[in-house]
Amino acid sequence: MNERYSRQKDIVPRERILDCKATVIGVGAIGRQVALQLTAIGVPYLQLIDFDSVEESNIASQGYFEDDLKRFKVHATADICHQINPQLELYTIEERFKRSTIVGNCVFVCVDKIDTRRLIWDAVKDKVSFFVDGRMSAEVLRVISAYDERSREYYPATLFAADEAYRGACTAKTTIYCANIAAGFMLAQFTKYLRLLPVDTDIQINLLASEINVGES
C-alpha cells in the first residue's frame, strides 16, 4: 500500500490530504469524475450528495454503466470508488442538498443550476476551507475556486440570476470529455491548495475554440 501514492507524493502531499474530508455535491457528468479522481489521489473521506437516478442518456454523457440504470447515482459512483480504494470512508446522501446538510471541509460543487449553487454557498461558505465549483455547457467549462478572503469575496459575483444563464439545446449540453477536463481542473486547483500554492480563482475554457482565460474575469 505504501507504493499506491508513490508517484504523486510531491504533487499531492499525503500529510495534507489526510486532513481533508471531501464532499461532492452532484454526481452527474462532472461530479462523477471528481469523485473518482478524489478517490484515486487518496482522500480518506468522501461524501456524495445527489437525489438523481441513472437514466439511459447518462451512459454516454456521464460515464455510467448500463447495469447502473435506475440506481441512485451516488450508489453507482460509490461502488466504483470503493473498488479503487476499499479503505475509503464513504457516505452517500440520496436527496437534494439542504442548508442543514453537514459537509466536509473541502466541497466540490457540480450542480446544474445557479440557484442551487447560491443555496450551497450561503450554507457552507463559513464552514469550509476549500470550495470549488465546476460548470459546463457542451464544450465550454468554467472552474471557480474560493479558498481565501479575496476569492471568497469574488465567488458571489459569479452567481448571476438564473434567467441570465445560457440555455443550450438539451442535445448539445453535455460531453463526457469536457466533464473529465472540468474535473481535472477542479482537482488541479485542489492539489495547489494542498501544496499551499496560489489557486486560480476563475478558469474558463472553450474547447471548440481552443481558448483558455484565467483570472478574475
# chains A, B, ... in the order shown; residues from 1 in each chain; ligands from 1
$ select_by_dssp --residues "range 100-213 of chain A" --states "alpha helix (DSSP H)" --output "number ranges by chain"
A: 114-124, 149-154, 176-194
$ residues_around --residues "Thr175 in chain A" --least-positions-apart "4" --cutoff "12 Å" --atoms "only C-alpha atoms" --output "ChimeraX atom specification"
/A:28-30,57-63,136-141,170-171,179-182,207
$ write_last_selection --atoms "N, CA and C atoms" --output "PDB file, in the first residue's frame"
ATOM      1  N   GLY A  28     -23.268  14.009 -11.406  1.00  0.00           N
ATOM      2  CA  GLY A  28     -23.565  13.837 -12.818  1.00  0.00           C
ATOM      3  C   GLY A  28     -22.274  13.763 -13.604  1.00  0.00           C
ATOM      4  N   ALA A  29     -22.221  14.440 -14.749  1.00  0.00           N
ATOM      5  CA  ALA A  29     -21.072  14.338 -15.644  1.00  0.00           C
ATOM      6  C   ALA A  29     -19.774  14.743 -14.960  1.00  0.00           C
ATOM      7  N   ILE A  30     -19.737  15.942 -14.372  1.00  0.00           N
ATOM      8  CA  ILE A  30     -18.512  16.421 -13.725  1.00  0.00           C
ATOM      9  C   ILE A  30     -18.317  15.746 -12.364  1.00  0.00           C
ATOM     10  N   SER A  57     -29.640   8.252 -20.952  1.00  0.00           N
ATOM     11  CA  SER A  57     -28.826   9.324 -21.533  1.00  0.00           C
ATOM     12  C   SER A  57     -27.559   9.590 -20.734  1.00  0.00           C
ATOM     13  N   ASN A  58     -27.512   9.116 -19.477  1.00  0.00           N
ATOM     14  CA  ASN A  58     -26.340   9.331 -18.632  1.00  0.00           C
ATOM     15  C   ASN A  58     -25.184   8.398 -18.965  1.00  0.00           C
ATOM     16  N   ILE A  59     -25.446   7.352 -19.732  1.00  0.00           N
ATOM     17  CA  ILE A  59     -24.383   6.400 -20.061  1.00  0.00           C
ATOM     18  C   ILE A  59     -23.333   7.060 -20.949  1.00  0.00           C
ATOM     19  N   ALA A  60     -23.768   7.721 -22.008  1.00  0.00           N
ATOM     20  CA  ALA A  60     -22.824   8.374 -22.921  1.00  0.00           C
ATOM     21  C   ALA A  60     -22.302   9.688 -22.359  1.00  0.00           C
ATOM     22  N   SER A  61     -23.172  10.449 -21.708  1.00  0.00           N
ATOM     23  CA  SER A  61     -22.794  11.808 -21.301  1.00  0.00           C
ATOM     24  C   SER A  61     -22.114  11.881 -19.938  1.00  0.00           C
ATOM     25  N   GLN A  62     -22.323  10.868 -19.086  1.00  0.00           N
ATOM     26  CA  GLN A  62     -21.789  10.939 -17.727  1.00  0.00           C
ATOM     27  C   GLN A  62     -20.919   9.741 -17.355  1.00  0.00           C
ATOM     28  N   GLY A  63     -20.815   8.765 -18.241  1.00  0.00           N
ATOM     29  CA  GLY A  63     -19.920   7.641 -17.990  1.00  0.00           C
ATOM     30  C   GLY A  63     -20.466   6.567 -17.072  1.00  0.00           C
ATOM     31  N   MET A 136     -20.399  23.570 -16.781  1.00  0.00           N
ATOM     32  CA  MET A 136     -20.153  23.113 -18.137  1.00  0.00           C
ATOM     33  C   MET A 136     -21.406  23.278 -18.993  1.00  0.00           C
ATOM     34  N   SER A 137     -21.191  23.644 -20.250  1.00  0.00           N
ATOM     35  CA  SER A 137     -22.241  23.615 -21.255  1.00  0.00           C
ATOM     36  C   SER A 137     -21.595  23.213 -22.569  1.00  0.00           C
ATOM     37  N   ALA A 138     -21.956  22.032 -23.066  1.00  0.00           N
ATOM     38  CA  ALA A 138     -21.377  21.492 -24.298  1.00  0.00           C
ATOM     39  C   ALA A 138     -19.855  21.405 -24.192  1.00  0.00           C
ATOM     40  N   GLU A 139     -19.134  22.266 -24.909  1.00  0.00           N
ATOM     41  CA  GLU A 139     -17.672  22.217 -24.909  1.00  0.00           C
ATOM     42  C   GLU A 139     -17.050  23.446 -24.244  1.00  0.00           C
ATOM     43  N   VAL A 140     -17.826  24.082 -23.388  1.00  0.00           N
ATOM     44  CA  VAL A 140     -17.338  25.231 -22.629  1.00  0.00           C
ATOM     45  C   VAL A 140     -17.426  24.889 -21.146  1.00  0.00           C
ATOM     46  N   LEU A 141     -16.349  25.167 -20.410  1.00  0.00           N
ATOM     47  CA  LEU A 141     -16.344  24.861 -18.986  1.00  0.00           C
ATOM     48  C   LEU A 141     -15.788  26.031 -18.192  1.00  0.00           C
ATOM     49  N   CYS A 170     -30.848  20.641 -25.264  1.00  0.00           N
ATOM     50  CA  CYS A 170     -30.513  19.521 -24.391  1.00  0.00           C
ATOM     51  C   CYS A 170     -29.666  18.482 -25.113  1.00  0.00           C
ATOM     52  N   THR A 171     -29.682  18.501 -26.444  1.00  0.00           N
ATOM     53  CA  THR A 171     -28.859  17.565 -27.211  1.00  0.00           C
ATOM     54  C   THR A 171     -27.459  18.119 -27.475  1.00  0.00           C
ATOM     55  N   ALA A 179     -16.473  17.042 -19.399  1.00  0.00           N
ATOM     56  CA  ALA A 179     -16.649  16.792 -17.972  1.00  0.00           C
ATOM     57  C   ALA A 179     -15.351  16.317 -17.325  1.00  0.00           C
ATOM     58  N   ASN A 180     -14.628  15.445 -18.019  1.00  0.00           N
ATOM     59  CA  ASN A 180     -13.354  14.959 -17.500  1.00  0.00           C
ATOM     60  C   ASN A 180     -12.344  16.088 -17.355  1.00  0.00           C
ATOM     61  N   ILE A 181     -12.319  16.983 -18.339  1.00  0.00           N
ATOM     62  CA  ILE A 181     -11.386  18.119 -18.280  1.00  0.00           C
ATOM     63  C   ILE A 181     -11.760  19.053 -17.138  1.00  0.00           C
ATOM     64  N   ALA A 182     -13.053  19.317 -16.986  1.00  0.00           N
ATOM     65  CA  ALA A 182     -13.510  20.173 -15.890  1.00  0.00           C
ATOM     66  C   ALA A 182     -13.123  19.577 -14.540  1.00  0.00           C
ATOM     67  N   LEU A 207     -13.352  24.577 -25.478  1.00  0.00           N
ATOM     68  CA  LEU A 207     -12.632  23.517 -26.177  1.00  0.00           C
ATOM     69  C   LEU A 207     -12.762  23.655 -27.693  1.00  0.00           C
TER      70      LEU A 207
END
$ residues_around --residues "Leu194 in chain A" --least-positions-apart "6" --cutoff "9 Å" --atoms "only C-alpha atoms" --output "PyMOL selection string"
chain A and resi 11-13+16-17
$ closest_residue --among "A:Gln83, A:Thr191, A:Thr77, A:Thr174" --to "Gly26 in chain A" --atoms "only C-alpha atoms"
A:Thr77
$ closest_residue --among "A:Thr101, A:Ser129, A:Thr23, A:Thr116" --to "Glu89 in chain A" --atoms "only C-alpha atoms"
A:Thr23
$ residues_around --residues "Leu187 in chain A" --least-positions-apart "3" --cutoff "8 Å" --atoms "only C-alpha atoms" --output "list of chain:residue names"
A:Val34, A:Gln37, A:Leu38, A:Ala183, A:Gly184, A:Phe190, A:Thr191
$ select_by_dssp --residues "range 29-193 of chain A" --states "strand (DSSP E)" --output "list in words"
Tyr45, Leu46, Gln47, Leu48, Ile49, Glu89, Leu90, Tyr91, Thr92, Ile93, Cys106, Val107, Phe108, Val109, Phe130, Phe131, Val132, Asp133, Gly134, Arg135, Met136, Ser137, Val140, Leu141, Arg142, Val143, Ile144, Ser145 and Ala146 of chain A
$ residues_around --residues "Lys21 in chain A" --least-positions-apart "4" --cutoff "8 Å" --atoms "only C-alpha atoms" --output "VMD selection string"
chain A and resid 43 to 47 104 to 106
$ write_last_selection --atoms "C-alpha atoms" --output "compact mmCIF listing (two decimals), in the first residue's frame"
# COMPACT_ATOMS: atom_id res chain seq x y z
CA VAL A 43 -8.74 11.37 0.01
CA PRO A 44 -9.54 9.36 3.15
CA TYR A 45 -13.14 10.55 3.47
CA LEU A 46 -15.69 11.14 0.72
CA GLN A 47 -19.31 12.23 0.88
CA GLY A 104 -16.68 18.11 4.85
CA ASN A 105 -14.01 20.80 4.93
CA CYS A 106 -13.44 20.60 1.16
$ closest_residue --among "A:Arg4, A:Leu90, A:Lys98, A:Asp10" --to "Lys192 in chain A" --atoms "only C-alpha atoms"
A:Asp10
$ residues_around --residues "range 153-157 of chain A" --least-positions-apart "5" --cutoff "9 Å" --atoms "only C-alpha atoms" --output "PDB file with N, CA and C atoms, in the first residue's frame"
ATOM      1  N   ARG A 118     -26.115  28.999  -5.310  1.00  0.00           N
ATOM      2  CA  ARG A 118     -26.265  30.071  -4.332  1.00  0.00           C
ATOM      3  C   ARG A 118     -26.670  29.500  -2.967  1.00  0.00           C
ATOM      4  N   TRP A 121     -23.574  27.790  -1.452  1.00  0.00           N
ATOM      5  CA  TRP A 121     -22.584  28.766  -0.992  1.00  0.00           C
ATOM      6  C   TRP A 121     -23.025  29.429   0.305  1.00  0.00           C
ATOM      7  N   ILE A 144     -14.410  27.665 -10.730  1.00  0.00           N
ATOM      8  CA  ILE A 144     -14.266  28.815  -9.844  1.00  0.00           C
ATOM      9  C   ILE A 144     -13.949  28.311  -8.444  1.00  0.00           C
ATOM     10  N   SER A 145     -12.879  28.818  -7.867  1.00  0.00           N
ATOM     11  CA  SER A 145     -12.420  28.358  -6.552  1.00  0.00           C
ATOM     12  C   SER A 145     -12.517  29.470  -5.516  1.00  0.00           C
ATOM     13  N   ALA A 146     -12.816  29.085  -4.288  1.00  0.00           N
ATOM     14  CA  ALA A 146     -12.853  30.028  -3.164  1.00  0.00           C
ATOM     15  C   ALA A 146     -12.139  29.377  -1.985  1.00  0.00           C
ATOM     16  N   ASP A 148      -9.583  31.687   0.009  1.00  0.00           N
ATOM     17  CA  ASP A 148      -9.030  32.744   0.850  1.00  0.00           C
ATOM     18  C   ASP A 148      -9.992  33.931   0.836  1.00  0.00           C
ATOM     19  N   THR A 201      -8.457  31.539  -9.302  1.00  0.00           N
ATOM     20  CA  THR A 201      -9.817  31.809  -8.840  1.00  0.00           C
ATOM     21  C   THR A 201     -10.867  31.461  -9.887  1.00  0.00           C
ATOM     22  N   ASP A 202     -10.593  31.773 -11.149  1.00  0.00           N
ATOM     23  CA  ASP A 202     -11.603  31.603 -12.194  1.00  0.00           C
ATOM     24  C   ASP A 202     -10.926  31.167 -13.490  1.00  0.00           C
ATOM     25  N   GLU A 216      -9.681  36.641 -12.515  1.00  0.00           N
ATOM     26  CA  GLU A 216     -10.967  37.114 -12.024  1.00  0.00           C
ATOM     27  C   GLU A 216     -11.589  37.958 -13.121  1.00  0.00           C
TER      28      GLU A 216
END
$ closest_residue --among "A:Ala188, A:Leu208, A:Ile25, A:Leu36" --to "Cys81 in chain A" --atoms "only C-alpha atoms"
A:Leu36
$ atom_distance --atom1 "CA of Ile120 in chain A" --atom2 "CA of Phe97 in chain A"
7.4 Å
$ closest_residue --among "A:Ile212, A:Val111, A:Leu88, A:Cys178" --to "Phe51 in chain A" --atoms "only C-alpha atoms"
A:Val111
$ atom_distance --atom1 "CA of Ile80 in chain A" --atom2 "CA of Thr39 in chain A"
9.4 Å
$ closest_residue --among "A:His82, A:Arg7, A:Lys113, A:Arg135" --to "Gln204 in chain A" --atoms "only C-alpha atoms"
A:Arg135
$ residues_around --residues "Val74 in chain A" --least-positions-apart "6" --cutoff "8 Å" --atoms "only C-alpha atoms" --output "ChimeraX atom specification"
/A:27,48-50,92-94
